[in-house]
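Text of the file start.txt, holding compact mmCIF, C-alpha atoms:
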# COMPACT_ATOMS: atom_id res chain seq x y z
CA MET N 245 17.64 17.52 -12.79
CA ARG N 246 18.92 13.95 -13.22
CA ILE N 247 21.46 13.12 -10.51
CA GLY N 248 23.58 9.98 -10.59
CA VAL N 249 24.57 8.37 -7.32
CA TYR N 250 27.72 6.31 -7.71
CA GLY N 251 29.65 4.43 -5.06
CA SER N 252 30.60 1.16 -3.52
CA ALA N 253 28.21 -1.68 -4.29
CA ALA N 254 29.51 -3.57 -1.25
CA GLU N 255 26.81 -4.56 1.18
CA ASN N 256 28.96 -4.51 4.31
CA ASN N 257 29.26 -0.73 4.66
CA LYS N 258 29.04 0.98 8.02
CA PRO N 259 25.45 1.75 9.10
CA SER N 260 26.34 5.44 9.54
CA ALA N 261 27.60 5.61 5.93
CA ASN N 262 24.49 3.81 4.68
CA GLU N 263 22.34 6.36 6.49
CA LYS N 264 24.21 9.20 4.78
CA ALA N 265 23.56 7.54 1.40
CA ARG N 266 19.85 7.26 2.29
CA GLU N 267 19.78 10.92 3.27
CA ILE N 268 21.26 11.83 -0.11
CA GLY N 269 18.43 9.90 -1.77
CA ARG N 270 15.83 11.57 0.43
CA GLU N 271 17.16 15.02 -0.42
CA ILE N 272 17.24 14.29 -4.15
CA ALA N 273 13.59 13.17 -3.96
CA ARG N 274 12.51 16.07 -1.69
CA LYS N 275 13.86 18.51 -4.28
CA GLY N 276 12.04 16.72 -7.12
CA HIS N 277 15.13 15.45 -8.92
CA VAL N 278 15.46 12.05 -10.63
CA LEU N 279 17.91 9.63 -9.02
CA ILE N 280 20.01 7.50 -11.40
CA THR N 281 22.12 4.51 -10.32
CA GLY N 282 23.73 1.49 -11.91
CA GLY N 283 21.00 -0.66 -10.40
CA CYS N 284 23.41 -2.27 -7.95
CA ASN N 285 23.53 -2.85 -4.20
CA GLY N 286 25.50 -0.87 -1.62
CA PHE N 287 25.57 2.91 -1.37
CA PRO N 288 23.67 3.58 -4.63
CA TYR N 289 20.84 1.32 -3.50
CA GLU N 290 20.77 2.92 -0.05
CA ALA N 291 20.15 6.23 -1.86
CA VAL N 292 17.25 4.58 -3.75
CA ILE N 293 15.75 3.38 -0.45
CA GLY N 294 15.93 6.94 0.89
CA ALA N 295 14.44 8.46 -2.27
CA ARG N 296 11.51 6.05 -2.28
CA GLU N 297 10.52 7.26 1.22
CA PHE N 298 9.56 10.49 -0.59
CA ASP N 299 8.17 8.79 -3.72
CA GLY N 300 11.30 9.71 -5.64
CA HIS N 301 11.73 8.69 -9.27
CA CYS N 302 14.65 6.23 -9.44
CA ILE N 303 16.10 4.81 -12.64
CA ALA N 304 18.41 1.77 -12.70
CA TYR N 305 20.88 1.54 -15.57
CA SER N 306 21.51 -2.19 -15.44
CA PRO N 307 24.42 -4.10 -16.98
CA ALA N 308 21.90 -6.89 -17.59
CA THR N 309 19.86 -7.39 -20.77
CA SER N 310 16.64 -8.22 -18.86
CA LEU N 311 15.03 -8.06 -15.45
CA GLU N 312 15.61 -11.78 -14.97
CA GLU N 313 19.33 -11.37 -15.65
CA HIS N 314 19.44 -8.24 -13.45
CA VAL N 315 18.16 -10.29 -10.51
CA HIS N 316 19.48 -13.81 -11.10
CA THR N 317 22.83 -13.24 -12.82
CA PHE N 318 23.92 -10.00 -11.19
CA GLY N 319 22.02 -10.39 -7.91
CA PHE N 320 20.85 -6.78 -8.06
CA PRO N 321 17.75 -5.37 -6.35
CA VAL N 322 14.52 -4.25 -8.01
CA ASP N 323 12.43 -2.77 -5.18
CA GLY N 324 12.30 1.02 -5.22
CA PHE N 325 13.19 1.53 -8.86
CA SER N 326 10.67 3.33 -11.06
CA GLU N 327 12.20 2.06 -14.29
CA PHE N 328 15.09 0.08 -15.73
CA VAL N 329 17.36 0.71 -18.69
CA TYR N 330 19.06 -2.49 -19.85
CA THR N 331 22.07 -3.28 -21.97
CA PRO N 332 20.76 -4.04 -25.46
CA GLU N 333 20.85 -7.72 -26.37
CA SER N 334 22.32 -6.63 -29.71
CA PHE N 335 25.36 -5.12 -27.95
CA GLU N 336 28.41 -6.95 -29.31
CA HIS N 337 29.67 -7.75 -25.78
CA ALA N 338 26.31 -8.46 -24.10
CA ASN N 339 27.60 -11.84 -22.86
CA ASP N 340 30.62 -10.36 -21.04
CA ARG N 341 29.48 -9.19 -17.61
CA TYR N 342 32.61 -7.09 -16.99
CA ILE N 343 32.25 -5.17 -20.23
CA CYS N 344 28.53 -4.72 -19.56
CA LEU N 345 29.31 -3.24 -16.14
CA LYS N 346 31.45 -0.55 -17.79
CA TYR N 347 28.93 -0.07 -20.61
CA ARG N 348 26.35 0.59 -17.90
CA ASN N 349 28.69 3.19 -16.33
CA LEU N 350 29.10 4.96 -19.65
CA ILE N 351 25.39 5.06 -20.46
CA SER N 352 24.25 6.07 -16.97
CA VAL N 353 26.80 8.89 -16.67
CA ALA N 354 25.86 10.13 -20.14
CA SER N 355 22.25 10.43 -18.97
CA VAL N 356 22.85 12.55 -15.84
CA ASP N 357 23.21 16.28 -15.31
CA ALA N 358 25.45 15.82 -12.25
CA GLY N 359 26.82 13.00 -10.11
CA LEU N 360 27.44 12.18 -6.48
CA ILE N 361 30.27 9.93 -5.35
CA ILE N 362 30.01 7.90 -2.14
CA GLY N 363 33.03 5.75 -1.25
CA GLY N 364 33.74 3.42 -4.11
CA ARG N 365 36.40 1.48 -5.90
CA THR N 366 37.46 1.11 -9.55
CA GLY N 367 33.92 1.18 -10.97
CA THR N 368 33.17 4.37 -9.08
CA MET N 369 36.46 5.87 -10.25
CA ASN N 370 35.39 5.05 -13.80
CA GLU N 371 32.12 6.91 -13.24
CA PHE N 372 33.98 9.82 -11.64
CA THR N 373 36.37 10.16 -14.59
CA LEU N 374 33.47 10.08 -17.07
CA LEU N 375 31.63 12.78 -15.12
CA TYR N 376 34.79 14.85 -14.94
CA ASP N 377 35.83 14.41 -18.57
CA TRP N 378 32.35 15.41 -19.74
CA GLY N 379 32.38 18.57 -17.61
CA LYS N 380 29.56 17.52 -15.31
CA ASN N 381 29.38 18.78 -11.74
CA ILE N 382 30.37 16.27 -9.09
CA GLY N 383 29.56 16.05 -5.40
CA VAL N 384 31.87 13.92 -3.28
CA LEU N 385 30.62 12.69 0.09
CA ALA N 386 33.76 13.40 2.09
CA GLU N 387 34.87 10.81 4.62
CA SER N 388 32.83 8.05 2.96
CA GLY N 389 35.85 5.84 2.28
CA GLY N 390 37.24 4.25 -0.84
CA ILE N 391 38.30 6.66 -3.57
CA THR N 392 37.00 9.64 -1.58
CA ASN N 393 39.88 9.26 0.88
CA GLU N 394 42.77 10.26 -1.40
CA ALA N 395 42.42 8.83 -4.89
CA ILE N 396 40.21 11.57 -6.32
CA GLN N 397 42.45 14.39 -5.10
CA THR N 398 45.55 12.57 -6.35
CA LEU N 399 43.96 11.93 -9.74
CA LEU N 400 42.92 15.56 -10.16
CA LYS N 401 46.39 16.79 -9.23
CA ASP N 402 48.13 14.33 -11.52
CA ILE N 403 45.94 14.80 -14.61
CA ASP N 404 46.23 18.59 -14.49
CA LYS N 405 43.38 18.99 -16.97
CA ASP N 406 40.42 21.27 -16.32
CA ARG N 407 37.24 20.06 -18.00
CA GLY N 408 34.93 22.60 -16.35
CA SER N 409 33.48 20.32 -13.70
CA LYS N 410 32.66 21.88 -10.37
CA ILE N 411 33.74 19.43 -7.66
CA ILE N 412 32.18 19.82 -4.23
CA TYR N 413 33.39 18.00 -1.13
CA ASP N 414 31.05 17.83 1.85
CA ALA N 415 30.57 15.29 4.65
CA GLU N 416 26.93 16.32 5.19
CA PRO N 417 24.45 14.76 2.71
CA ILE N 418 21.81 17.50 2.64
CA SER N 419 24.40 20.24 2.25
CA LEU N 420 26.18 18.25 -0.47
CA VAL N 421 23.03 17.84 -2.57
CA LYS N 422 22.04 21.47 -2.05
CA ARG N 423 25.47 22.73 -3.12
CA LEU N 424 25.52 20.40 -6.14
CA VAL N 425 22.21 21.56 -7.58
CA THR N 426 22.68 25.32 -7.07
Would you write out, as structure tokens, the structure that this file holds?
Amino acid sequence: MRIGVYGSAAENNKPSANEKAREIGREIARKGHVLITGGCNGFPYEAVIGAREFDGHCIAYSPATSLEEHVHTFGFPVDGFSEFVYTPESFEHANDRYICLKYRNLISVASVDAGLIIGGRTGTMNEFTLLYDWGKNIGVLAESGGITNEAIQTLLKDIDKDRGSKIIYDAEPISLVKRLVT
């Protein structure tokens, strides 16, 4: 199974929240699943660090068009990733970093079987709505801040549109992954 981990790319998260993100990555790797992220820092990268402890396969869907741009323009990490998928240079908007960030969201979510949400802001909400609209199952790490506090529940109530996604809320990383993949 290909599981996307989406969340805040901020690097100043609480150590306890970072550890939960790492535990999610460890559990994904222990179960033999592929971990997909947007190649960024923060919670998604913490999951990559955890997955690599168990030789997990981690794929970065980068908004960049090359490894050099991934590192030097976006300031994103490379250690721990097994492979990278870049924005095509031929993409009409390849020179607009903000459009490429959302293009990356679209392509990475399209490639996963299910997604996990940890904290997050507008980019994570974009990934959540793509997962939801495409009927993919979603795990939400409860109490991880950002959109997991209230925004997701408010959105689901206000849109009143069932797309078939199973949404699981759990504050415990191992339980969350287990419930998502069964």
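For the pair CA of Ala265 in chain N and CA of Ile247 in chain N, the interatomic distance is 13.3 Å.
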* Nearby residues, (27.8, 16.5, -0.2) file frame, 9 Å, only C-alpha atoms, as a VMD selection string -> chain N and resid 268 360 to 361 383 to 386 412 to 424
Selection file, C-alpha atoms, as a PDB file, in the frame of the given file:
ATOM      1  CA  ILE N 268      21.260  11.830  -0.110  1.00  0.00           C
ATOM      2  CA  LEU N 360      27.440  12.180  -6.480  1.00  0.00           C
ATOM      3  CA  ILE N 361      30.270   9.930  -5.350  1.00  0.00           C
ATOM      4  CA  GLY N 383      29.560  16.050  -5.400  1.00  0.00           C
ATOM      5  CA  VAL N 384      31.870  13.920  -3.280  1.00  0.00           C
ATOM      6  CA  LEU N 385      30.620  12.690   0.090  1.00  0.00           C
ATOM      7  CA  ALA N 386      33.760  13.400   2.090  1.00  0.00           C
ATOM      8  CA  ILE N 412      32.180  19.820  -4.230  1.00  0.00           C
ATOM      9  CA  TYR N 413      33.390  18.000  -1.130  1.00  0.00           C
ATOM     10  CA  ASP N 414      31.050  17.830   1.850  1.00  0.00           C
ATOM     11  CA  ALA N 415      30.570  15.290   4.650  1.00  0.00           C
ATOM     12  CA  GLU N 416      26.930  16.320   5.190  1.00  0.00           C
ATOM     13  CA  PRO N 417      24.450  14.760   2.710  1.00  0.00           C
ATOM     14  CA  ILE N 418      21.810  17.500   2.640  1.00  0.00           C
ATOM     15  CA  SER N 419      24.400  20.240   2.250  1.00  0.00           C
ATOM     16  CA  LEU N 420      26.180  18.250  -0.470  1.00  0.00           C
ATOM     17  CA  VAL N 421      23.030  17.840  -2.570  1.00  0.00           C
ATOM     18  CA  LYS N 422      22.040  21.470  -2.050  1.00  0.00           C
ATOM     19  CA  ARG N 423      25.470  22.730  -3.120  1.00  0.00           C
ATOM     20  CA  LEU N 424      25.520  20.400  -6.140  1.00  0.00           C
TER      21      LEU N 424
END
* To do: Go through N:Ile343, N:Ala273, N:Ala308, N:Ala254 one by one, measure the shortest atom-to-atom distance of each to Gly389 in chain N using all atoms listed in the file, and give the residue with the smallest value.
  =>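 Among N:Ile343, N:Ala273, N:Ala308, N:Ala254, it is N:Ala254 that comes nearest to Gly389 in chain N.
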* **Spatial neighbours of Leu375 in chain N, max dist 10 Å, all atoms listed in the file, sep filter under 5 positions, as a list of chain:residue names** =>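 Result of the neighbour search: N:Gly248, N:Leu350, N:Val353, N:Ala354, N:Val356, N:Asp357, N:Ala358, N:Gly359, N:Leu360, N:Met369, N:Asn370, N:Lys380, N:Asn381, N:Ile382, N:Arg407, N:Ser409.
If you count all atoms listed in the file and draw a sphere of 12 Å around (30.0, -0.7, 5.1), the protein and nucleic acid residues inside it come out as N:Gly251, N:Ser252, N:Ala253, N:Ala254, N:Glu255, N:Asn256, N:Asn257, N:Lys258, N:Pro259, N:Ser260, N:Ala261, N:Asn262, N:Glu263, N:Lys264, N:Ala265, N:Asn285, N:Gly286, N:Phe287, N:Glu290, N:Ile362, N:Gly363, N:Gly364, N:Ser388, N:Gly389, N:Gly390.
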* To do: Could you jot down the CA of Leu400 in chain N to CA of Glu387 in chain N separation for me, Å, one decimal place?
  => 17.5 Å
I'd like the neighbourhood of His337 in chain N as a PDB file with C-alpha atoms, keeping the file's coordinate frame, where a residue qualifies if any of its atoms comes within 12 Å (using all atoms listed in the file), though same-chain residues fewer than 6 positions away should be ignored.
ATOM      1  CA  PRO N 307      24.420  -4.100 -16.980  1.00  0.00           C
ATOM      2  CA  ALA N 308      21.900  -6.890 -17.590  1.00  0.00           C
ATOM      3  CA  THR N 309      19.860  -7.390 -20.770  1.00  0.00           C
ATOM      4  CA  THR N 331      22.070  -3.280 -21.970  1.00  0.00           C
ATOM      5  CA  ILE N 343      32.250  -5.170 -20.230  1.00  0.00           C
ATOM      6  CA  CYS N 344      28.530  -4.720 -19.560  1.00  0.00           C
ATOM      7  CA  LEU N 345      29.310  -3.240 -16.140  1.00  0.00           C
ATOM      8  CA  LYS N 346      31.450  -0.550 -17.790  1.00  0.00           C
ATOM      9  CA  TYR N 347      28.930  -0.070 -20.610  1.00  0.00           C
ATOM     10  CA  ARG N 348      26.350   0.590 -17.900  1.00  0.00           C
TER      11      ARG N 348
END
